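Participant: To be precise about what I am sending: the file is called query02.cif and holds mmCIF, N, CA and C atoms.
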```cif
data_run
loop_
_atom_site.group_PDB
_atom_site.id
_atom_site.type_symbol
_atom_site.label_atom_id
_atom_site.label_comp_id
_atom_site.auth_asym_id
_atom_site.auth_seq_id
_atom_site.Cartn_x
_atom_site.Cartn_y
_atom_site.Cartn_z
ATOM 1 N N MET V 1 -281.962 8.677 -79.601
ATOM 2 C CA MET V 1 -282.816 8.012 -78.641
ATOM 3 C C MET V 1 -281.994 6.963 -77.899
ATOM 4 N N LEU V 2 -282.209 6.908 -76.609
ATOM 5 C CA LEU V 2 -281.509 5.927 -75.788
ATOM 6 C C LEU V 2 -282.181 4.565 -75.893
ATOM 7 N N THR V 3 -281.376 3.534 -75.774
ATOM 8 C CA THR V 3 -281.938 2.188 -75.734
ATOM 9 C C THR V 3 -282.442 1.922 -74.319
ATOM 10 N N LYS V 4 -283.213 0.875 -74.151
ATOM 11 C CA LYS V 4 -283.716 0.522 -72.819
ATOM 12 C C LYS V 4 -282.573 0.286 -71.841
ATOM 13 N N GLU V 5 -281.488 -0.279 -72.328
ATOM 14 C CA GLU V 5 -280.343 -0.549 -71.470
ATOM 15 C C GLU V 5 -279.654 0.736 -71.025
ATOM 16 N N GLU V 6 -279.736 1.788 -71.826
ATOM 17 C CA GLU V 6 -279.080 3.055 -71.499
ATOM 18 C C GLU V 6 -279.915 3.942 -70.576
ATOM 19 N N LEU V 7 -281.201 3.648 -70.448
ATOM 20 C CA LEU V 7 -282.067 4.444 -69.582
ATOM 21 C C LEU V 7 -281.771 4.139 -68.122
ATOM 22 N N PRO V 8 -281.957 5.134 -67.253
ATOM 23 C CA PRO V 8 -281.742 4.884 -65.825
ATOM 24 C C PRO V 8 -282.675 3.787 -65.317
ATOM 25 N N GLU V 9 -282.232 3.077 -64.296
ATOM 26 C CA GLU V 9 -283.055 2.019 -63.715
ATOM 27 C C GLU V 9 -284.286 2.601 -63.013
ATOM 28 N N CYS V 10 -284.114 3.747 -62.402
ATOM 29 C CA CYS V 10 -285.205 4.393 -61.678
ATOM 30 C C CYS V 10 -286.188 5.042 -62.666
ATOM 31 N N PRO V 11 -287.485 4.713 -62.575
ATOM 32 C CA PRO V 11 -288.454 5.282 -63.512
ATOM 33 C C PRO V 11 -288.583 6.800 -63.395
ATOM 34 N N VAL V 12 -288.406 7.341 -62.188
ATOM 35 C CA VAL V 12 -288.469 8.800 -62.027
ATOM 36 C C VAL V 12 -287.295 9.438 -62.762
ATOM 37 N N ALA V 13 -286.120 8.855 -62.637
ATOM 38 C CA ALA V 13 -284.938 9.370 -63.329
ATOM 39 C C ALA V 13 -285.121 9.291 -64.850
ATOM 40 N N THR V 14 -285.780 8.245 -65.324
ATOM 41 C CA THR V 14 -286.055 8.126 -66.757
ATOM 42 C C THR V 14 -286.943 9.280 -67.219
ATOM 43 N N THR V 15 -288.000 9.554 -66.460
ATOM 44 C CA THR V 15 -288.910 10.643 -66.821
ATOM 45 C C THR V 15 -288.180 11.976 -66.810
ATOM 46 N N VAL V 16 -287.393 12.210 -65.778
ATOM 47 C CA VAL V 16 -286.641 13.460 -65.683
ATOM 48 C C VAL V 16 -285.667 13.581 -66.849
ATOM 49 N N GLN V 17 -285.040 12.498 -67.211
ATOM 50 C CA GLN V 17 -284.096 12.538 -68.332
ATOM 51 C C GLN V 17 -284.809 12.906 -69.631
ATOM 52 N N LEU V 18 -286.020 12.410 -69.835
ATOM 53 C CA LEU V 18 -286.737 12.655 -71.083
ATOM 54 C C LEU V 18 -287.384 14.034 -71.152
ATOM 55 N N ILE V 19 -287.926 14.523 -70.032
ATOM 56 C CA ILE V 19 -288.656 15.791 -70.085
ATOM 57 C C ILE V 19 -288.181 16.781 -69.033
ATOM 58 N N GLY V 20 -287.026 16.529 -68.421
ATOM 59 C CA GLY V 20 -286.640 17.253 -67.228
ATOM 60 C C GLY V 20 -286.046 18.627 -67.382
ATOM 61 N N ASN V 21 -285.947 19.184 -68.560
ATOM 62 C CA ASN V 21 -285.482 20.566 -68.602
ATOM 63 C C ASN V 21 -286.655 21.491 -68.868
ATOM 64 N N LYS V 22 -286.501 22.741 -68.489
ATOM 65 C CA LYS V 22 -287.641 23.658 -68.560
ATOM 66 C C LYS V 22 -288.125 23.854 -69.990
ATOM 67 N N TRP V 23 -287.239 23.776 -70.957
ATOM 68 C CA TRP V 23 -287.664 24.011 -72.335
ATOM 69 C C TRP V 23 -288.545 22.880 -72.837
ATOM 70 N N LYS V 24 -288.153 21.647 -72.560
ATOM 71 C CA LYS V 24 -288.966 20.515 -73.012
ATOM 72 C C LYS V 24 -290.346 20.552 -72.373
ATOM 73 N N LEU V 25 -290.409 20.894 -71.104
ATOM 74 C CA LEU V 25 -291.700 20.977 -70.427
ATOM 75 C C LEU V 25 -292.587 22.043 -71.058
ATOM 76 N N LEU V 26 -292.005 23.183 -71.425
ATOM 77 C CA LEU V 26 -292.798 24.252 -72.044
ATOM 78 C C LEU V 26 -293.220 23.888 -73.467
ATOM 79 N N ILE V 27 -292.360 23.181 -74.183
ATOM 80 C CA ILE V 27 -292.726 22.707 -75.533
ATOM 81 C C ILE V 27 -293.891 21.737 -75.425
ATOM 82 N N ILE V 28 -293.803 20.789 -74.503
ATOM 83 C CA ILE V 28 -294.887 19.814 -74.319
ATOM 84 C C ILE V 28 -296.159 20.518 -73.876
ATOM 85 N N ARG V 29 -296.035 21.488 -72.966
ATOM 86 C CA ARG V 29 -297.202 22.265 -72.522
ATOM 87 C C ARG V 29 -297.911 22.877 -73.732
ATOM 88 N N ASN V 30 -297.148 23.484 -74.632
ATOM 89 C CA ASN V 30 -297.737 24.075 -75.834
ATOM 90 C C ASN V 30 -298.419 23.023 -76.701
ATOM 91 N N LEU V 31 -297.783 21.880 -76.848
ATOM 92 C CA LEU V 31 -298.333 20.837 -77.715
ATOM 93 C C LEU V 31 -299.576 20.188 -77.131
ATOM 94 N N LEU V 32 -299.753 20.265 -75.819
ATOM 95 C CA LEU V 32 -300.984 19.741 -75.219
ATOM 96 C C LEU V 32 -302.190 20.547 -75.680
ATOM 97 N N ARG V 33 -301.961 21.766 -76.131
ATOM 98 C CA ARG V 33 -303.029 22.616 -76.669
ATOM 99 C C ARG V 33 -303.313 22.309 -78.135
ATOM 100 N N GLY V 34 -302.379 21.652 -78.805
ATOM 101 C CA GLY V 34 -302.577 21.307 -80.212
ATOM 102 C C GLY V 34 -301.301 21.477 -81.021
ATOM 103 N N THR V 35 -301.414 21.222 -82.298
ATOM 104 C CA THR V 35 -300.291 21.293 -83.227
ATOM 105 C C THR V 35 -299.704 22.699 -83.248
ATOM 106 N N GLN V 36 -298.383 22.764 -83.355
ATOM 107 C CA GLN V 36 -297.684 24.049 -83.356
ATOM 108 C C GLN V 36 -296.644 24.072 -84.471
ATOM 109 N N ARG V 37 -296.385 25.286 -84.942
ATOM 110 C CA ARG V 37 -295.272 25.496 -85.860
ATOM 111 C C ARG V 37 -294.109 26.083 -85.062
ATOM 112 N N PHE V 38 -292.933 26.054 -85.666
ATOM 113 C CA PHE V 38 -291.731 26.526 -84.987
ATOM 114 C C PHE V 38 -291.924 27.948 -84.465
ATOM 115 N N THR V 39 -292.473 28.826 -85.285
ATOM 116 C CA THR V 39 -292.645 30.224 -84.862
ATOM 117 C C THR V 39 -293.636 30.348 -83.712
ATOM 118 N N ASP V 40 -294.606 29.434 -83.621
ATOM 119 C CA ASP V 40 -295.548 29.453 -82.495
ATOM 120 C C ASP V 40 -294.804 29.237 -81.184
ATOM 121 N N PHE V 41 -293.890 28.272 -81.185
ATOM 122 C CA PHE V 41 -293.086 28.022 -79.986
ATOM 123 C C PHE V 41 -292.233 29.244 -79.656
ATOM 124 N N TYR V 42 -291.587 29.758 -80.685
ATOM 125 C CA TYR V 42 -290.649 30.854 -80.489
ATOM 126 C C TYR V 42 -291.346 32.089 -79.907
ATOM 127 N N LYS V 43 -292.580 32.309 -80.312
ATOM 128 C CA LYS V 43 -293.344 33.468 -79.815
ATOM 129 C C LYS V 43 -293.881 33.259 -78.406
ATOM 130 N N THR V 44 -294.170 32.018 -78.018
ATOM 131 C CA THR V 44 -294.863 31.764 -76.751
ATOM 132 C C THR V 44 -293.973 31.202 -75.640
ATOM 133 N N ILE V 45 -292.697 30.996 -75.935
ATOM 134 C CA ILE V 45 -291.764 30.527 -74.913
ATOM 135 C C ILE V 45 -290.681 31.593 -74.758
ATOM 136 N N PRO V 46 -290.898 32.527 -73.838
ATOM 137 C CA PRO V 46 -289.939 33.628 -73.670
ATOM 138 C C PRO V 46 -288.552 33.130 -73.277
ATOM 139 N N GLY V 47 -287.550 33.711 -73.908
ATOM 140 C CA GLY V 47 -286.175 33.412 -73.543
ATOM 141 C C GLY V 47 -285.526 32.265 -74.280
ATOM 142 N N ILE V 48 -286.285 31.497 -75.044
ATOM 143 C CA ILE V 48 -285.686 30.358 -75.751
ATOM 144 C C ILE V 48 -285.058 30.856 -77.050
ATOM 145 N N SER V 49 -283.869 30.370 -77.338
ATOM 146 C CA SER V 49 -283.221 30.720 -78.605
ATOM 147 C C SER V 49 -283.669 29.731 -79.679
ATOM 148 N N LYS V 50 -283.466 30.112 -80.916
ATOM 149 C CA LYS V 50 -283.853 29.223 -82.020
ATOM 150 C C LYS V 50 -283.056 27.921 -81.977
ATOM 151 N N LYS V 51 -281.777 28.018 -81.635
ATOM 152 C CA LYS V 51 -280.949 26.814 -81.572
ATOM 153 C C LYS V 51 -281.426 25.877 -80.467
ATOM 154 N N VAL V 52 -281.698 26.419 -79.289
ATOM 155 C CA VAL V 52 -282.151 25.593 -78.165
ATOM 156 C C VAL V 52 -283.510 24.979 -78.484
ATOM 157 N N LEU V 53 -284.389 25.754 -79.107
ATOM 158 C CA LEU V 53 -285.693 25.222 -79.505
ATOM 159 C C LEU V 53 -285.523 24.081 -80.493
ATOM 160 N N THR V 54 -284.700 24.279 -81.502
ATOM 161 C CA THR V 54 -284.444 23.229 -82.492
ATOM 162 C C THR V 54 -283.873 21.979 -81.834
ATOM 163 N N ASP V 55 -282.880 22.152 -80.971
ATOM 164 C CA ASP V 55 -282.252 20.996 -80.302
ATOM 165 C C ASP V 55 -283.261 20.222 -79.457
ATOM 166 N N ASN V 56 -284.117 20.948 -78.722
ATOM 167 C CA ASN V 56 -285.091 20.274 -77.862
ATOM 168 C C ASN V 56 -286.192 19.604 -78.672
ATOM 169 N N LEU V 57 -286.631 20.216 -79.748
ATOM 170 C CA LEU V 57 -287.623 19.567 -80.612
ATOM 171 C C LEU V 57 -287.050 18.288 -81.217
ATOM 172 N N ARG V 58 -285.808 18.338 -81.647
ATOM 173 C CA ARG V 58 -285.158 17.142 -82.215
ATOM 174 C C ARG V 58 -285.039 16.037 -81.163
ATOM 175 N N ALA V 59 -284.675 16.421 -79.942
ATOM 176 C CA ALA V 59 -284.546 15.421 -78.877
ATOM 177 C C ALA V 59 -285.899 14.790 -78.558
ATOM 178 N N LEU V 60 -286.939 15.606 -78.469
ATOM 179 C CA LEU V 60 -288.279 15.073 -78.187
ATOM 180 C C LEU V 60 -288.757 14.171 -79.326
ATOM 181 N N GLU V 61 -288.414 14.546 -80.541
ATOM 182 C CA GLU V 61 -288.771 13.702 -81.695
ATOM 183 C C GLU V 61 -287.983 12.387 -81.649
ATOM 184 N N SER V 62 -286.709 12.467 -81.340
ATOM 185 C CA SER V 62 -285.874 11.267 -81.252
ATOM 186 C C SER V 62 -286.375 10.313 -80.166
ATOM 187 N N ASP V 63 -286.897 10.890 -79.078
ATOM 188 C CA ASP V 63 -287.428 10.080 -77.979
ATOM 189 C C ASP V 63 -288.869 9.641 -78.219
ATOM 190 N N ARG V 64 -289.394 9.947 -79.384
ATOM 191 C CA ARG V 64 -290.732 9.538 -79.846
ATOM 192 C C ARG V 64 -291.868 10.172 -79.038
ATOM 193 N N LEU V 65 -291.606 11.350 -78.475
ATOM 194 C CA LEU V 65 -292.644 12.067 -77.742
ATOM 195 C C LEU V 65 -293.335 13.104 -78.618
ATOM 196 N N VAL V 66 -292.637 13.537 -79.679
ATOM 197 C CA VAL V 66 -293.154 14.555 -80.596
ATOM 198 C C VAL V 66 -293.045 14.026 -82.024
ATOM 199 N N GLU V 67 -294.043 14.360 -82.831
ATOM 200 C CA GLU V 67 -294.017 14.018 -84.253
ATOM 201 C C GLU V 67 -293.862 15.291 -85.063
ATOM 202 N N ARG V 68 -293.089 15.190 -86.127
ATOM 203 C CA ARG V 68 -292.804 16.329 -87.003
ATOM 204 C C ARG V 68 -293.357 15.998 -88.375
ATOM 205 N N GLU V 69 -294.160 16.917 -88.914
ATOM 206 C CA GLU V 69 -294.724 16.710 -90.247
ATOM 207 C C GLU V 69 -294.292 17.851 -91.154
ATOM 208 N N VAL V 70 -293.666 17.483 -92.274
ATOM 209 C CA VAL V 70 -293.197 18.463 -93.243
ATOM 210 C C VAL V 70 -294.141 18.450 -94.437
ATOM 211 N N PHE V 71 -294.624 19.639 -94.813
ATOM 212 C CA PHE V 71 -295.523 19.767 -95.943
ATOM 213 C C PHE V 71 -294.736 20.264 -97.148
ATOM 214 N N ALA V 72 -294.968 19.634 -98.296
ATOM 215 C CA ALA V 72 -294.254 19.991 -99.523
ATOM 216 C C ALA V 72 -294.875 21.246 -100.124
ATOM 217 N N GLU V 73 -294.524 22.372 -99.561
ATOM 218 C CA GLU V 73 -295.014 23.668 -100.019
ATOM 219 C C GLU V 73 -293.825 24.599 -100.166
ATOM 220 N N VAL V 74 -294.067 25.708 -100.813
ATOM 221 C CA VAL V 74 -293.045 26.738 -100.904
ATOM 222 C C VAL V 74 -293.605 27.991 -100.272
ATOM 223 N N PRO V 75 -293.017 28.498 -99.192
ATOM 224 C CA PRO V 75 -291.909 27.891 -98.440
ATOM 225 C C PRO V 75 -292.384 26.662 -97.672
ATOM 226 N N PRO V 76 -291.453 25.785 -97.311
ATOM 227 C CA PRO V 76 -291.837 24.563 -96.599
ATOM 228 C C PRO V 76 -292.525 24.886 -95.268
ATOM 229 N N ARG V 77 -293.496 24.090 -94.918
ATOM 230 C CA ARG V 77 -294.211 24.255 -93.653
ATOM 231 C C ARG V 77 -293.970 23.006 -92.826
ATOM 232 N N VAL V 78 -293.610 23.211 -91.552
ATOM 233 C CA VAL V 78 -293.353 22.105 -90.640
ATOM 234 C C VAL V 78 -294.252 22.290 -89.422
ATOM 235 N N GLU V 79 -294.936 21.223 -89.045
ATOM 236 C CA GLU V 79 -295.800 21.263 -87.865
ATOM 237 C C GLU V 79 -295.386 20.165 -86.895
ATOM 238 N N TYR V 80 -295.489 20.500 -85.615
ATOM 239 C CA TYR V 80 -295.138 19.563 -84.556
ATOM 240 C C TYR V 80 -296.389 19.239 -83.754
ATOM 241 N N SER V 81 -296.493 17.990 -83.347
ATOM 242 C CA SER V 81 -297.599 17.566 -82.492
ATOM 243 C C SER V 81 -297.082 16.480 -81.549
ATOM 244 N N LEU V 82 -297.830 16.261 -80.488
ATOM 245 C CA LEU V 82 -297.462 15.176 -79.589
ATOM 246 C C LEU V 82 -297.766 13.848 -80.255
ATOM 247 N N SER V 83 -296.888 12.904 -80.080
ATOM 248 C CA SER V 83 -297.158 11.540 -80.531
ATOM 249 C C SER V 83 -298.147 10.926 -79.540
ATOM 250 N N PRO V 84 -298.719 9.785 -79.868
ATOM 251 C CA PRO V 84 -299.579 9.111 -78.888
ATOM 252 C C PRO V 84 -298.839 8.863 -77.560
ATOM 253 N N LEU V 85 -297.563 8.512 -77.637
ATOM 254 C CA LEU V 85 -296.770 8.318 -76.426
ATOM 255 C C LEU V 85 -296.600 9.639 -75.673
ATOM 256 N N GLY V 86 -296.316 10.703 -76.398
ATOM 257 C CA GLY V 86 -296.165 12.013 -75.780
ATOM 258 C C GLY V 86 -297.444 12.497 -75.116
ATOM 259 N N ALA V 87 -298.585 12.154 -75.707
ATOM 260 C CA ALA V 87 -299.874 12.572 -75.144
ATOM 261 C C ALA V 87 -300.111 11.945 -73.774
ATOM 262 N N THR V 88 -299.443 10.841 -73.476
ATOM 263 C CA THR V 88 -299.618 10.215 -72.161
ATOM 264 C C THR V 88 -298.972 11.039 -71.049
ATOM 265 N N LEU V 89 -298.253 12.098 -71.412
ATOM 266 C CA LEU V 89 -297.659 12.990 -70.418
ATOM 267 C C LEU V 89 -298.670 13.990 -69.856
ATOM 268 N N ARG V 90 -299.857 14.065 -70.446
ATOM 269 C CA ARG V 90 -300.866 15.043 -70.013
ATOM 270 C C ARG V 90 -301.122 14.993 -68.503
ATOM 271 N N PRO V 91 -301.371 13.825 -67.902
ATOM 272 C CA PRO V 91 -301.642 13.815 -66.461
ATOM 273 C C PRO V 91 -300.475 14.351 -65.628
ATOM 274 N N ILE V 92 -299.261 14.113 -66.091
ATOM 275 C CA ILE V 92 -298.088 14.609 -65.369
ATOM 276 C C ILE V 92 -298.055 16.134 -65.404
ATOM 277 N N LEU V 93 -298.238 16.718 -66.581
ATOM 278 C CA LEU V 93 -298.218 18.171 -66.677
ATOM 279 C C LEU V 93 -299.438 18.803 -66.012
ATOM 280 N N ASP V 94 -300.580 18.133 -66.069
ATOM 281 C CA ASP V 94 -301.760 18.638 -65.346
ATOM 282 C C ASP V 94 -301.485 18.675 -63.847
ATOM 283 N N ALA V 95 -300.851 17.627 -63.327
ATOM 284 C CA ALA V 95 -300.519 17.589 -61.903
ATOM 285 C C ALA V 95 -299.509 18.679 -61.551
ATOM 286 N N MET V 96 -298.554 18.928 -62.435
ATOM 287 C CA MET V 96 -297.578 19.985 -62.196
ATOM 288 C C MET V 96 -298.258 21.360 -62.192
ATOM 289 N N ARG V 97 -299.187 21.565 -63.118
ATOM 290 C CA ARG V 97 -299.922 22.835 -63.162
ATOM 291 C C ARG V 97 -300.724 23.042 -61.878
ATOM 292 N N THR V 98 -301.434 22.006 -61.453
ATOM 293 C CA THR V 98 -302.237 22.098 -60.235
ATOM 294 C C THR V 98 -301.350 22.380 -59.027
ATOM 295 N N TRP V 99 -300.245 21.669 -58.919
ATOM 296 C CA TRP V 99 -299.334 21.876 -57.807
ATOM 297 C C TRP V 99 -298.785 23.301 -57.829
ATOM 298 N N GLY V 100 -298.407 23.783 -59.012
ATOM 299 C CA GLY V 100 -297.878 25.142 -59.133
ATOM 300 C C GLY V 100 -298.903 26.190 -58.737
ATOM 301 N N GLU V 101 -300.159 25.985 -59.142
ATOM 302 C CA GLU V 101 -301.215 26.920 -58.756
ATOM 303 C C GLU V 101 -301.414 26.917 -57.240
ATOM 304 N N ASP V 102 -301.440 25.722 -56.632
ATOM 305 C CA ASP V 102 -301.594 25.606 -55.189
ATOM 306 C C ASP V 102 -300.430 26.260 -54.458
ATOM 307 N N TYR V 103 -299.242 26.044 -54.952
ATOM 308 C CA TYR V 103 -298.064 26.634 -54.330
ATOM 309 C C TYR V 103 -298.123 28.157 -54.363
ATOM 310 N N LYS V 104 -298.507 28.695 -55.509
ATOM 311 C CA LYS V 104 -298.571 30.157 -55.641
ATOM 312 C C LYS V 104 -299.602 30.769 -54.706
ATOM 313 N N THR V 105 -300.668 30.051 -54.410
ATOM 314 C CA THR V 105 -301.666 30.592 -53.470
ATOM 315 C C THR V 105 -301.237 30.406 -52.013
ATOM 316 N N THR V 106 -300.331 29.461 -51.778
ATOM 317 C CA THR V 106 -299.873 29.175 -50.421
ATOM 318 C C THR V 106 -298.793 30.155 -49.964
ATOM 319 N N VAL V 107 -297.876 30.497 -50.835
ATOM 320 C CA VAL V 107 -296.755 31.369 -50.429
ATOM 321 C C VAL V 107 -297.055 32.834 -50.638
#
```
As a first step, turn the structure in this file into structure tokens.
Facilitator:
Amino acid sequence: MLTKEELPECPVATTVQLIGNKWKLLIIRNLLRGTQRFTDFYKTIPGISKKVLTDNLRALESDRLVEREVFAEVPPRVEYSLSPLGATLRPILDAMRTWGEDYKTTV
């Protein structure tokens, strides 16, 4: 996780840095629907590799946007959910969805 001093001065650049790749956006999109397990992401995000998924989940967790819960079971079960901070991204993704729908009907 970056410190406040390491974050870009521009708030838009900060947001892009935290959620600006397509994989993070799709992971967050899935989590807006509710808690997910690793295999849920892997099945519903076409083209993502297990390594890239793991790296992006770790980054989102490090940035405090995603929470990871490990259950002491055999085999171990891990669930991911949006943190309260991550849930504040809902209006941004809703606006992106609306814009994307409008764009698709326009072109």
Participant: Which residue is closest to Gln36 in chain V? Choose from V:Val52, V:Gly100, V:Ser81, V:Pro91 and count only C-alpha atoms.
Facilitator: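 Ranked by minimum distance to Gln36 in chain V, first place goes to V:Ser81.
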Participant: Tell me, in Å to one decimal, how far CA of Glu79 in chain V is from atom C of Glu67 in chain V.
Facilitator: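 Pair CA of Glu79 in chain V / atom C of Glu67 in chain V returns 6.9 Å.
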Participant: Where does DSSP see strand (DSSP E or B) in chain V, if you list the residues as a CSV table (one decimal) with N, CA and C atoms, in the coordinates of the input?
Facilitator:
```csv
chain,number,residue,atom,x,y,z
V,36,GLN,N,-298.4,22.8,-83.4
V,36,GLN,CA,-297.7,24.0,-83.4
V,36,GLN,C,-296.6,24.1,-84.5
V,37,ARG,N,-296.4,25.3,-84.9
V,37,ARG,CA,-295.3,25.5,-85.9
V,37,ARG,C,-294.1,26.1,-85.1
V,66,VAL,N,-292.6,13.5,-79.7
V,66,VAL,CA,-293.2,14.6,-80.6
V,66,VAL,C,-293.0,14.0,-82.0
V,67,GLU,N,-294.0,14.4,-82.8
V,67,GLU,CA,-294.0,14.0,-84.3
V,67,GLU,C,-293.9,15.3,-85.1
V,68,ARG,N,-293.1,15.2,-86.1
V,68,ARG,CA,-292.8,16.3,-87.0
V,68,ARG,C,-293.4,16.0,-88.4
V,69,GLU,N,-294.2,16.9,-88.9
V,69,GLU,CA,-294.7,16.7,-90.2
V,69,GLU,C,-294.3,17.9,-91.2
V,70,VAL,N,-293.7,17.5,-92.3
V,70,VAL,CA,-293.2,18.5,-93.2
V,70,VAL,C,-294.1,18.4,-94.4
V,71,PHE,N,-294.6,19.6,-94.8
V,71,PHE,CA,-295.5,19.8,-95.9
V,71,PHE,C,-294.7,20.3,-97.1
V,77,ARG,N,-293.5,24.1,-94.9
V,77,ARG,CA,-294.2,24.3,-93.7
V,77,ARG,C,-294.0,23.0,-92.8
V,78,VAL,N,-293.6,23.2,-91.6
V,78,VAL,CA,-293.4,22.1,-90.6
V,78,VAL,C,-294.3,22.3,-89.4
V,79,GLU,N,-294.9,21.2,-89.0
V,79,GLU,CA,-295.8,21.3,-87.9
V,79,GLU,C,-295.4,20.2,-86.9
V,80,TYR,N,-295.5,20.5,-85.6
V,80,TYR,CA,-295.1,19.6,-84.6
V,80,TYR,C,-296.4,19.2,-83.8
V,81,SER,N,-296.5,18.0,-83.3
V,81,SER,CA,-297.6,17.6,-82.5
V,81,SER,C,-297.1,16.5,-81.5
V,82,LEU,N,-297.8,16.3,-80.5
V,82,LEU,CA,-297.5,15.2,-79.6
V,82,LEU,C,-297.8,13.8,-80.3
```
Participant: Would you please work out which residue, of V:Ile45, V:Ile28, V:Ala72, V:Leu18, is nearest to Leu93 in chain V when using only N, CA and C atoms?
Facilitator: V:Ile28
Participant: Care to translate the PyMOL selection byres (((chain V and resi 90 and name CA) around 12) and name CA) into actual residues of this file, as a VMD selection string?
Facilitator: chain V and resid 25 28 to 33 65 82 to 89 91 to 97
Participant: I need the helix (DSSP H, G or I) residues of chain V per DSSP on the backbone, written as a PyMOL selection string.
Facilitator: chain V and resi 11-19+22-32+38-44+50-62+84-87+90-106
Participant: Do you have the CA of Ile19 in chain V-atom C of Thr106 in chain V distance handy?
Facilitator: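 Here the two named atoms are 26.7 Å from each other.
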Participant: Model the absent atoms of range 45-59 of chain V so that N, CA, C and O atoms are present, and write the result as an mmCIF file, keeping the file's coordinate frame.
Facilitator:
```cif
data_model
loop_
_atom_site.group_PDB
_atom_site.id
_atom_site.type_symbol
_atom_site.label_atom_id
_atom_site.label_comp_id
_atom_site.auth_asym_id
_atom_site.auth_seq_id
_atom_site.Cartn_x
_atom_site.Cartn_y
_atom_site.Cartn_z
ATOM 1 N N ILE V 45 -292.697 30.996 -75.935
ATOM 2 C CA ILE V 45 -291.764 30.527 -74.913
ATOM 3 C C ILE V 45 -290.681 31.593 -74.758
ATOM 4 O O ILE V 45 -289.672 31.586 -75.480
ATOM 5 N N PRO V 46 -290.898 32.527 -73.838
ATOM 6 C CA PRO V 46 -289.939 33.628 -73.670
ATOM 7 C C PRO V 46 -288.552 33.130 -73.277
ATOM 8 O O PRO V 46 -288.415 32.216 -72.467
ATOM 9 N N GLY V 47 -287.550 33.711 -73.908
ATOM 10 C CA GLY V 47 -286.175 33.412 -73.543
ATOM 11 C C GLY V 47 -285.526 32.265 -74.280
ATOM 12 O O GLY V 47 -284.324 32.070 -74.169
ATOM 13 N N ILE V 48 -286.285 31.497 -75.044
ATOM 14 C CA ILE V 48 -285.686 30.358 -75.751
ATOM 15 C C ILE V 48 -285.058 30.856 -77.050
ATOM 16 O O ILE V 48 -285.624 31.691 -77.754
ATOM 17 N N SER V 49 -283.869 30.370 -77.338
ATOM 18 C CA SER V 49 -283.221 30.720 -78.605
ATOM 19 C C SER V 49 -283.669 29.731 -79.679
ATOM 20 O O SER V 49 -284.159 28.635 -79.373
ATOM 21 N N LYS V 50 -283.466 30.112 -80.916
ATOM 22 C CA LYS V 50 -283.853 29.223 -82.020
ATOM 23 C C LYS V 50 -283.056 27.921 -81.977
ATOM 24 O O LYS V 50 -283.607 26.854 -82.241
ATOM 25 N N LYS V 51 -281.777 28.018 -81.635
ATOM 26 C CA LYS V 51 -280.949 26.814 -81.572
ATOM 27 C C LYS V 51 -281.426 25.877 -80.467
ATOM 28 O O LYS V 51 -281.554 24.668 -80.675
ATOM 29 N N VAL V 52 -281.698 26.419 -79.289
ATOM 30 C CA VAL V 52 -282.151 25.593 -78.165
ATOM 31 C C VAL V 52 -283.510 24.979 -78.484
ATOM 32 O O VAL V 52 -283.756 23.801 -78.194
ATOM 33 N N LEU V 53 -284.389 25.754 -79.107
ATOM 34 C CA LEU V 53 -285.693 25.222 -79.505
ATOM 35 C C LEU V 53 -285.523 24.081 -80.493
ATOM 36 O O LEU V 53 -286.116 23.010 -80.332
ATOM 37 N N THR V 54 -284.700 24.279 -81.502
ATOM 38 C CA THR V 54 -284.444 23.229 -82.492
ATOM 39 C C THR V 54 -283.873 21.979 -81.834
ATOM 40 O O THR V 54 -284.334 20.856 -82.106
ATOM 41 N N ASP V 55 -282.880 22.152 -80.971
ATOM 42 C CA ASP V 55 -282.252 20.996 -80.302
ATOM 43 C C ASP V 55 -283.261 20.222 -79.457
ATOM 44 O O ASP V 55 -283.281 18.992 -79.464
ATOM 45 N N ASN V 56 -284.117 20.948 -78.722
ATOM 46 C CA ASN V 56 -285.091 20.274 -77.862
ATOM 47 C C ASN V 56 -286.192 19.604 -78.672
ATOM 48 O O ASN V 56 -286.636 18.507 -78.313
ATOM 49 N N LEU V 57 -286.631 20.216 -79.748
ATOM 50 C CA LEU V 57 -287.623 19.567 -80.612
ATOM 51 C C LEU V 57 -287.050 18.288 -81.217
ATOM 52 O O LEU V 57 -287.733 17.262 -81.267
ATOM 53 N N ARG V 58 -285.808 18.338 -81.647
ATOM 54 C CA ARG V 58 -285.158 17.142 -82.215
ATOM 55 C C ARG V 58 -285.039 16.037 -81.163
ATOM 56 O O ARG V 58 -285.254 14.859 -81.469
ATOM 57 N N ALA V 59 -284.675 16.421 -79.942
ATOM 58 C CA ALA V 59 -284.546 15.421 -78.877
ATOM 59 C C ALA V 59 -285.899 14.790 -78.558
ATOM 60 O O ALA V 59 -286.000 13.558 -78.406
#
```
